[in-house]
>>> print(open('input-v1.pdb').read())   # PDB, C-alpha atoms, pLDDT in the B column
ATOM      1  CA  MET D 275       0.000   0.000   0.000  1.00 33.00           C
ATOM      2  CA  GLN D 276       1.303   3.432  -0.918  1.00 35.00           C
ATOM      3  CA  PHE D 277       0.371   6.728   0.677  1.00 31.00           C
ATOM      4  CA  SER D 278       0.885  10.064  -0.990  1.00 35.00           C
ATOM      5  CA  SER D 279       1.423  13.122   1.085  1.00 35.00           C
ATOM      6  CA  ALA D 280      -0.422  16.399   0.698  1.00 39.00           C
ATOM      7  CA  GLN D 281       2.871  17.851  -0.495  1.00 37.00           C
ATOM      8  CA  ALA D 282       3.100  15.365  -3.339  1.00 37.00           C
ATOM      9  CA  ARG D 283      -0.449  16.187  -4.430  1.00 38.00           C
ATOM     10  CA  GLY D 284       0.358  19.898  -4.416  1.00 40.00           C
ATOM     11  CA  LYS D 285      -2.090  20.833  -1.656  1.00 41.00           C
ATOM     12  CA  HIS D 286       0.380  23.110   0.099  1.00 40.00           C
ATOM     13  CA  PRO D 287       2.109  25.401  -2.432  1.00 42.00           C
ATOM     14  CA  TRP D 288       4.033  27.227   0.308  1.00 41.00           C
ATOM     15  CA  LEU D 289       6.005  24.084   1.066  1.00 40.00           C
ATOM     16  CA  SER D 290       7.346  23.794  -2.434  1.00 40.00           C
ATOM     17  CA  GLY D 291       7.750  27.389  -3.501  1.00 46.00           C
ATOM     18  CA  ASP D 292       6.342  30.846  -3.034  1.00 52.00           C
ATOM     19  CA  ARG D 293       4.463  31.107   0.262  1.00 55.00           C
ATOM     20  CA  ARG D 294       3.037  34.473  -0.766  1.00 53.00           C
ATOM     21  CA  GLN D 295       0.514  32.607  -2.919  1.00 62.00           C
ATOM     22  CA  LEU D 296      -1.427  31.845   0.246  1.00 65.00           C
ATOM     23  CA  TYR D 297      -1.842  35.490   1.178  1.00 60.00           C
ATOM     24  CA  PRO D 298      -1.520  37.663  -1.919  1.00 56.00           C
ATOM     25  CA  HIS D 299      -3.076  40.619  -0.090  1.00 58.00           C
ATOM     26  CA  SER D 300      -2.787  41.816   3.489  1.00 65.00           C
ATOM     27  CA  LEU D 301      -6.565  42.195   3.779  1.00 70.00           C
ATOM     28  CA  GLN D 302      -8.601  39.004   3.764  1.00 73.00           C
ATOM     29  CA  PHE D 303     -12.190  37.783   3.614  1.00 71.00           C
ATOM     30  CA  TYR D 304     -11.145  34.634   5.520  1.00 75.00           C
ATOM     31  CA  LEU D 305     -12.932  32.287   3.126  1.00 72.00           C
ATOM     32  CA  GLU D 306     -10.646  29.303   3.547  1.00 81.00           C
ATOM     33  CA  PRO D 307      -9.684  27.950   6.974  1.00 84.00           C
ATOM     34  CA  PRO D 308      -6.001  27.301   7.640  1.00 85.00           C
ATOM     35  CA  THR D 309      -4.799  23.773   6.967  1.00 86.00           C
ATOM     36  CA  GLU D 310      -1.431  23.678   8.661  1.00 86.00           C
ATOM     37  CA  ASN D 311      -0.609  22.117  12.004  1.00 92.00           C
ATOM     38  CA  ILE D 312       0.417  24.466  14.793  1.00 92.00           C
ATOM     39  CA  SER D 313       1.558  23.859  18.337  1.00 95.00           C
ATOM     40  CA  LEU D 314      -0.774  24.339  21.273  1.00 95.00           C
ATOM     41  CA  VAL D 315       1.466  27.149  22.542  1.00 96.00           C
ATOM     42  CA  GLU D 316       1.203  29.007  19.225  1.00 95.00           C
ATOM     43  CA  PHE D 317      -2.554  28.342  19.113  1.00 95.00           C
ATOM     44  CA  GLU D 318      -2.999  29.918  22.544  1.00 96.00           C
ATOM     45  CA  SER D 319      -0.712  32.842  21.731  1.00 94.00           C
ATOM     46  CA  LEU D 320      -2.529  33.628  18.478  1.00 93.00           C
ATOM     47  CA  ALA D 321      -5.924  33.416  20.187  1.00 95.00           C
ATOM     48  CA  ILE D 322      -4.872  35.764  22.993  1.00 95.00           C
ATOM     49  CA  ASP D 323      -3.349  38.269  20.574  1.00 93.00           C
ATOM     50  CA  ARG D 324      -6.477  38.334  18.401  1.00 92.00           C
ATOM     51  CA  LEU D 325      -8.742  38.672  21.420  1.00 95.00           C
ATOM     52  CA  LYS D 326      -6.684  41.640  22.672  1.00 94.00           C
ATOM     53  CA  LEU D 327      -6.985  43.168  19.213  1.00 92.00           C
ATOM     54  CA  LEU D 328     -10.770  42.770  19.083  1.00 95.00           C
ATOM     55  CA  LYS D 329     -11.206  44.033  22.656  1.00 96.00           C
ATOM     56  CA  THR D 330      -9.207  47.128  21.697  1.00 93.00           C
ATOM     57  CA  VAL D 331     -11.444  47.663  18.669  1.00 93.00           C
ATOM     58  CA  GLU D 332     -14.515  47.289  20.878  1.00 95.00           C
ATOM     59  CA  ASN D 333     -13.273  49.659  23.601  1.00 94.00           C
ATOM     60  CA  LEU D 334     -12.310  52.382  21.156  1.00 93.00           C
ATOM     61  CA  GLY D 335     -15.613  51.992  19.295  1.00 91.00           C
ATOM     62  CA  VAL D 336     -17.423  52.815  22.543  1.00 90.00           C
ATOM     63  CA  SER D 337     -15.204  55.783  23.384  1.00 88.00           C
ATOM     64  CA  TYR D 338     -14.871  57.407  19.946  1.00 89.00           C
ATOM     65  CA  VAL D 339     -16.872  57.838  16.757  1.00 89.00           C
ATOM     66  CA  LYS D 340     -15.936  54.869  14.591  1.00 88.00           C
ATOM     67  CA  ASN D 341     -13.753  55.784  11.632  1.00 83.00           C
ATOM     68  CA  GLY D 342     -13.390  59.346  12.868  1.00 89.00           C
ATOM     69  CA  ASP D 343      -9.951  60.921  12.988  1.00 91.00           C
ATOM     70  CA  GLN D 344      -9.564  60.426  16.749  1.00 92.00           C
ATOM     71  CA  TYR D 345     -10.749  56.820  16.525  1.00 91.00           C
ATOM     72  CA  ASN D 346      -8.387  56.022  13.661  1.00 89.00           C
ATOM     73  CA  SER D 347      -5.327  57.614  15.267  1.00 90.00           C
ATOM     74  CA  LYS D 348      -6.025  56.024  18.656  1.00 91.00           C
ATOM     75  CA  LEU D 349      -6.661  52.616  17.048  1.00 88.00           C
ATOM     76  CA  GLU D 350      -3.472  52.854  15.010  1.00 86.00           C
ATOM     77  CA  SER D 351      -1.531  53.683  18.167  1.00 87.00           C
ATOM     78  CA  GLU D 352      -3.062  50.820  20.146  1.00 87.00           C
ATOM     79  CA  LEU D 353      -2.576  48.319  17.327  1.00 82.00           C
ATOM     80  CA  ARG D 354       1.056  49.290  17.014  1.00 83.00           C
ATOM     81  CA  LYS D 355       1.464  48.546  20.738  1.00 86.00           C
ATOM     82  CA  LEU D 356      -0.147  45.129  20.246  1.00 83.00           C
ATOM     83  CA  LYS D 357       2.284  44.377  17.390  1.00 75.00           C
ATOM     84  CA  PHE D 358      -0.534  42.910  15.338  1.00 71.00           C
ATOM     85  CA  PRO D 359      -0.676  43.113  11.535  1.00 60.00           C
ATOM     86  CA  TYR D 360      -3.256  45.796  10.966  1.00 57.00           C
ATOM     87  CA  LYS D 361      -2.164  47.759   7.932  1.00 58.00           C
ATOM     88  CA  ALA D 362      -1.362  46.981   4.370  1.00 52.00           C
ATOM     89  CA  LEU D 363       1.802  45.009   4.758  1.00 49.00           C
ATOM     90  CA  THR D 364       4.728  44.556   2.462  1.00 50.00           C
ATOM     91  CA  ASP D 365       4.350  41.853  -0.159  1.00 52.00           C
ATOM     92  CA  ASP D 366       6.678  39.472   1.610  1.00 55.00           C
ATOM     93  CA  ASP D 367       5.262  39.695   5.141  1.00 75.00           C
ATOM     94  CA  TYR D 368       4.052  36.112   5.147  1.00 75.00           C
ATOM     95  CA  GLU D 369       4.250  35.619   8.925  1.00 80.00           C
ATOM     96  CA  ALA D 370       2.057  38.636   9.720  1.00 79.00           C
ATOM     97  CA  ARG D 371      -0.565  37.534   7.202  1.00 81.00           C
ATOM     98  CA  ARG D 372      -0.411  33.985   8.513  1.00 84.00           C
ATOM     99  CA  LYS D 373      -0.932  35.233  12.072  1.00 87.00           C
ATOM    100  CA  ASP D 374      -3.911  37.301  10.955  1.00 86.00           C
ATOM    101  CA  HIS D 375      -5.466  34.361   9.101  1.00 86.00           C
ATOM    102  CA  ILE D 376      -4.997  31.669  11.735  1.00 90.00           C
ATOM    103  CA  SER D 377      -5.946  33.876  14.683  1.00 91.00           C
ATOM    104  CA  HIS D 378      -9.180  34.913  12.964  1.00 91.00           C
ATOM    105  CA  PHE D 379     -10.234  31.284  12.577  1.00 92.00           C
ATOM    106  CA  ILE D 380      -9.283  30.366  16.139  1.00 95.00           C
ATOM    107  CA  LEU D 381     -11.588  33.033  17.533  1.00 95.00           C
ATOM    108  CA  ARG D 382     -14.197  32.246  14.917  1.00 93.00           C
ATOM    109  CA  LEU D 383     -14.387  28.767  16.407  1.00 93.00           C
ATOM    110  CA  ALA D 384     -14.359  30.037  19.978  1.00 94.00           C
ATOM    111  CA  TYR D 385     -17.111  32.588  19.387  1.00 95.00           C
ATOM    112  CA  CYS D 386     -19.562  30.377  17.491  1.00 93.00           C
ATOM    113  CA  GLN D 387     -21.081  28.910  20.656  1.00 93.00           C
ATOM    114  CA  SER D 388     -23.975  31.338  20.997  1.00 95.00           C
ATOM    115  CA  GLU D 389     -25.734  34.007  18.980  1.00 96.00           C
ATOM    116  CA  GLU D 390     -24.547  36.730  21.351  1.00 97.00           C
ATOM    117  CA  LEU D 391     -20.910  35.668  21.000  1.00 96.00           C
ATOM    118  CA  ARG D 392     -21.241  35.422  17.218  1.00 96.00           C
ATOM    119  CA  ARG D 393     -22.709  38.928  17.035  1.00 97.00           C
ATOM    120  CA  TRP D 394     -19.904  40.362  19.168  1.00 97.00           C
ATOM    121  CA  PHE D 395     -17.212  38.641  17.114  1.00 96.00           C
ATOM    122  CA  LEU D 396     -18.705  39.716  13.785  1.00 95.00           C
ATOM    123  CA  GLN D 397     -19.118  43.320  14.908  1.00 96.00           C
ATOM    124  CA  GLN D 398     -15.503  43.625  16.029  1.00 95.00           C
ATOM    125  CA  GLU D 399     -14.189  41.906  12.890  1.00 93.00           C
ATOM    126  CA  MET D 400     -16.300  44.197  10.682  1.00 93.00           C
ATOM    127  CA  ASP D 401     -15.028  47.279  12.511  1.00 93.00           C
ATOM    128  CA  LEU D 402     -11.459  46.050  12.154  1.00 91.00           C
ATOM    129  CA  PHE D 403     -11.997  45.319   8.464  1.00 88.00           C
ATOM    130  CA  ARG D 404     -13.479  48.792   7.870  1.00 90.00           C
ATOM    131  CA  TYR D 405     -10.508  50.394   9.571  1.00 90.00           C
ATOM    132  CA  ARG D 406      -7.980  48.309   7.680  1.00 86.00           C
ATOM    133  CA  PHE D 407      -9.740  48.891   4.348  1.00 86.00           C
ATOM    134  CA  SER D 408      -9.873  52.647   4.950  1.00 85.00           C
ATOM    135  CA  GLN D 409      -6.099  52.654   5.515  1.00 83.00           C
ATOM    136  CA  LEU D 410      -5.341  51.167   2.091  1.00 81.00           C
ATOM    137  CA  THR D 411      -3.991  53.318  -0.696  1.00 80.00           C
ATOM    138  CA  ASP D 412      -6.059  53.542  -3.874  1.00 81.00           C
ATOM    139  CA  SER D 413      -3.790  51.085  -5.661  1.00 78.00           C
ATOM    140  CA  LEU D 414      -3.968  48.577  -2.792  1.00 79.00           C
ATOM    141  CA  MET D 415      -7.758  48.946  -2.671  1.00 78.00           C
ATOM    142  CA  GLN D 416      -7.861  48.154  -6.372  1.00 79.00           C
ATOM    143  CA  LYS D 417      -5.553  45.166  -5.875  1.00 79.00           C
ATOM    144  CA  PHE D 418      -7.744  43.860  -3.046  1.00 74.00           C
ATOM    145  CA  MET D 419     -10.946  44.279  -5.060  1.00 75.00           C
ATOM    146  CA  GLU D 420      -9.387  42.355  -7.937  1.00 77.00           C
ATOM    147  CA  HIS D 421      -8.117  39.680  -5.547  1.00 68.00           C
ATOM    148  CA  VAL D 422     -11.602  39.025  -4.142  1.00 69.00           C
ATOM    149  CA  ASP D 423     -13.108  39.298  -7.618  1.00 70.00           C
ATOM    150  CA  LEU D 424     -15.263  42.349  -6.923  1.00 74.00           C
ATOM    151  CA  SER D 425     -15.660  44.532  -9.943  1.00 72.00           C
ATOM    152  CA  PHE D 426     -16.444  48.175  -9.505  1.00 70.00           C
ATOM    153  CA  GLU D 427     -15.942  51.448 -11.260  1.00 69.00           C
ATOM    154  CA  ALA D 428     -14.177  54.119  -9.275  1.00 64.00           C
ATOM    155  CA  LEU D 429     -16.022  57.432  -9.082  1.00 67.00           C
ATOM    156  CA  LYS D 430     -14.118  60.599  -9.783  1.00 71.00           C
ATOM    157  CA  THR D 431     -14.656  63.336  -7.254  1.00 65.00           C
TER     158      THR D 431
END
>>> encode(input="input-v1.pdb", output="structure tokens")
Amino acid sequence: MQFSSAQARGKHPWLSGDRRQLYPHSLQFYLEPPTENISLVEFESLAIDRLKLLKTVENLGVSYVKNGDQYNSKLESELRKLKFPYKALTDDDYEARRKDHISHFILRLAYCQSEELRRWFLQQEMDLFRYRFSQLTDSLMQKFMEHVDLSFEALKT
């Protein structure tokens, strides 16, 4: 009997070549769950970091007008302190994108237990997404829209 590994079948392109294929853009819709194995220590660390991030988003959303100048500057400052990938990252920042992807799915699992938890999680993730999207340059917005296959025509102001 012969077994073929996932590597041999080409399921994990990052093992054989360019890992950037997994995360071509720093912003994600989190459509595909992660498939790699991680240690329990890393699992816990990623979950705690993401929870701190979402709690920060929640706290600032209560204290400031969301997406206002004060909110954005305070959130940027807090996110920098948390050392979490929150902005459009360089093309080769695989580890930051990986952390963002895996940590999202860890908390997605943890917060699916009740409707109230789901609502809280979705609200914080949407607020974080709005902030991150608003921080993109026009060219990165265009790249993201193409990546997620959303066609639109930019309005001239």
>>> atom_distance(input="input-v1.pdb", atom1="atom CA of D:Tyr368", atom2="atom CA of D:Arg393")
29.4 Å
>>> atom_distance(input="input-v1.pdb", atom1="atom CA of D:Gln416", atom2="atom CA of D:Ile376")
24.7 Å
>>> resolve_selection(input="input-v1.pdb", expression="the PyMOL selection byres ((chain D and resi 325) around 12)", output="list in words")
Glu318, Ser319, Leu320, Ala321, Ile322, Asp323, Arg324, Lys326, Leu327, Leu328, Lys329, Thr330, Val331, Glu332, Leu356, Phe358, Asp374, Ser377, His378, Phe379, Ile380, Leu381, Arg382, Ala384, Tyr385, Trp394, Phe395, Gln398 and Glu399 of chain D
>>> atom_distance(input="input-v1.pdb", atom1="atom CA of D:Gly335", atom2="atom CA of D:Met400")
11.6 Å
>>> resolve_selection(input="input-v1.pdb", expression="the PyMOL selection byres ((chain D and resi 348) around 12)", output="ChimeraX atom specification")
/D:330-331,333-335,337-347,349-355,405
>>> closest_residue(input="input-v1.pdb", among="D:Cys386, D:Asp367, D:Leu305, D:Met419", to="D:Phe407", atoms="all atoms listed in the file")
D:Met419
>>> closest_residue(input="input-v1.pdb", among="D:Asp401, D:Glu420, D:Arg392, D:Gln302", to="D:Val336", atoms="all atoms listed in the file")
D:Asp401
>>> resolve_selection(input="input-v1.pdb", expression="the PyMOL selection byres ((chain D and resi 308) around 9)", output="JSON, numbers by chain")
{"D": [306, 307, 309, 310, 311, 372, 375, 376, 379]}
>>> write_last_selection(input="input-v1.pdb", atoms="C-alpha atoms", output="mmCIF file, in the coordinates of the input")
data_model
loop_
_atom_site.group_PDB
_atom_site.id
_atom_site.type_symbol
_atom_site.label_atom_id
_atom_site.label_comp_id
_atom_site.auth_asym_id
_atom_site.auth_seq_id
_atom_site.Cartn_x
_atom_site.Cartn_y
_atom_site.Cartn_z
ATOM 1 C CA GLU D 306 -10.646 29.303 3.547
ATOM 2 C CA PRO D 307 -9.684 27.950 6.974
ATOM 3 C CA THR D 309 -4.799 23.773 6.967
ATOM 4 C CA GLU D 310 -1.431 23.678 8.661
ATOM 5 C CA ASN D 311 -0.609 22.117 12.004
ATOM 6 C CA ARG D 372 -0.411 33.985 8.513
ATOM 7 C CA HIS D 375 -5.466 34.361 9.101
ATOM 8 C CA ILE D 376 -4.997 31.669 11.735
ATOM 9 C CA PHE D 379 -10.234 31.284 12.577
#
>>> axis_aligned_box(input="input-v1.pdb", around="stretch 306-313 of chain D", padding_each_side="3 Å", output="AutoDock Vina command-line options")
--center_x -4.5 --center_y 25.7 --center_z 10.9 --size_x 18.2 --size_y 13.2 --size_z 20.8
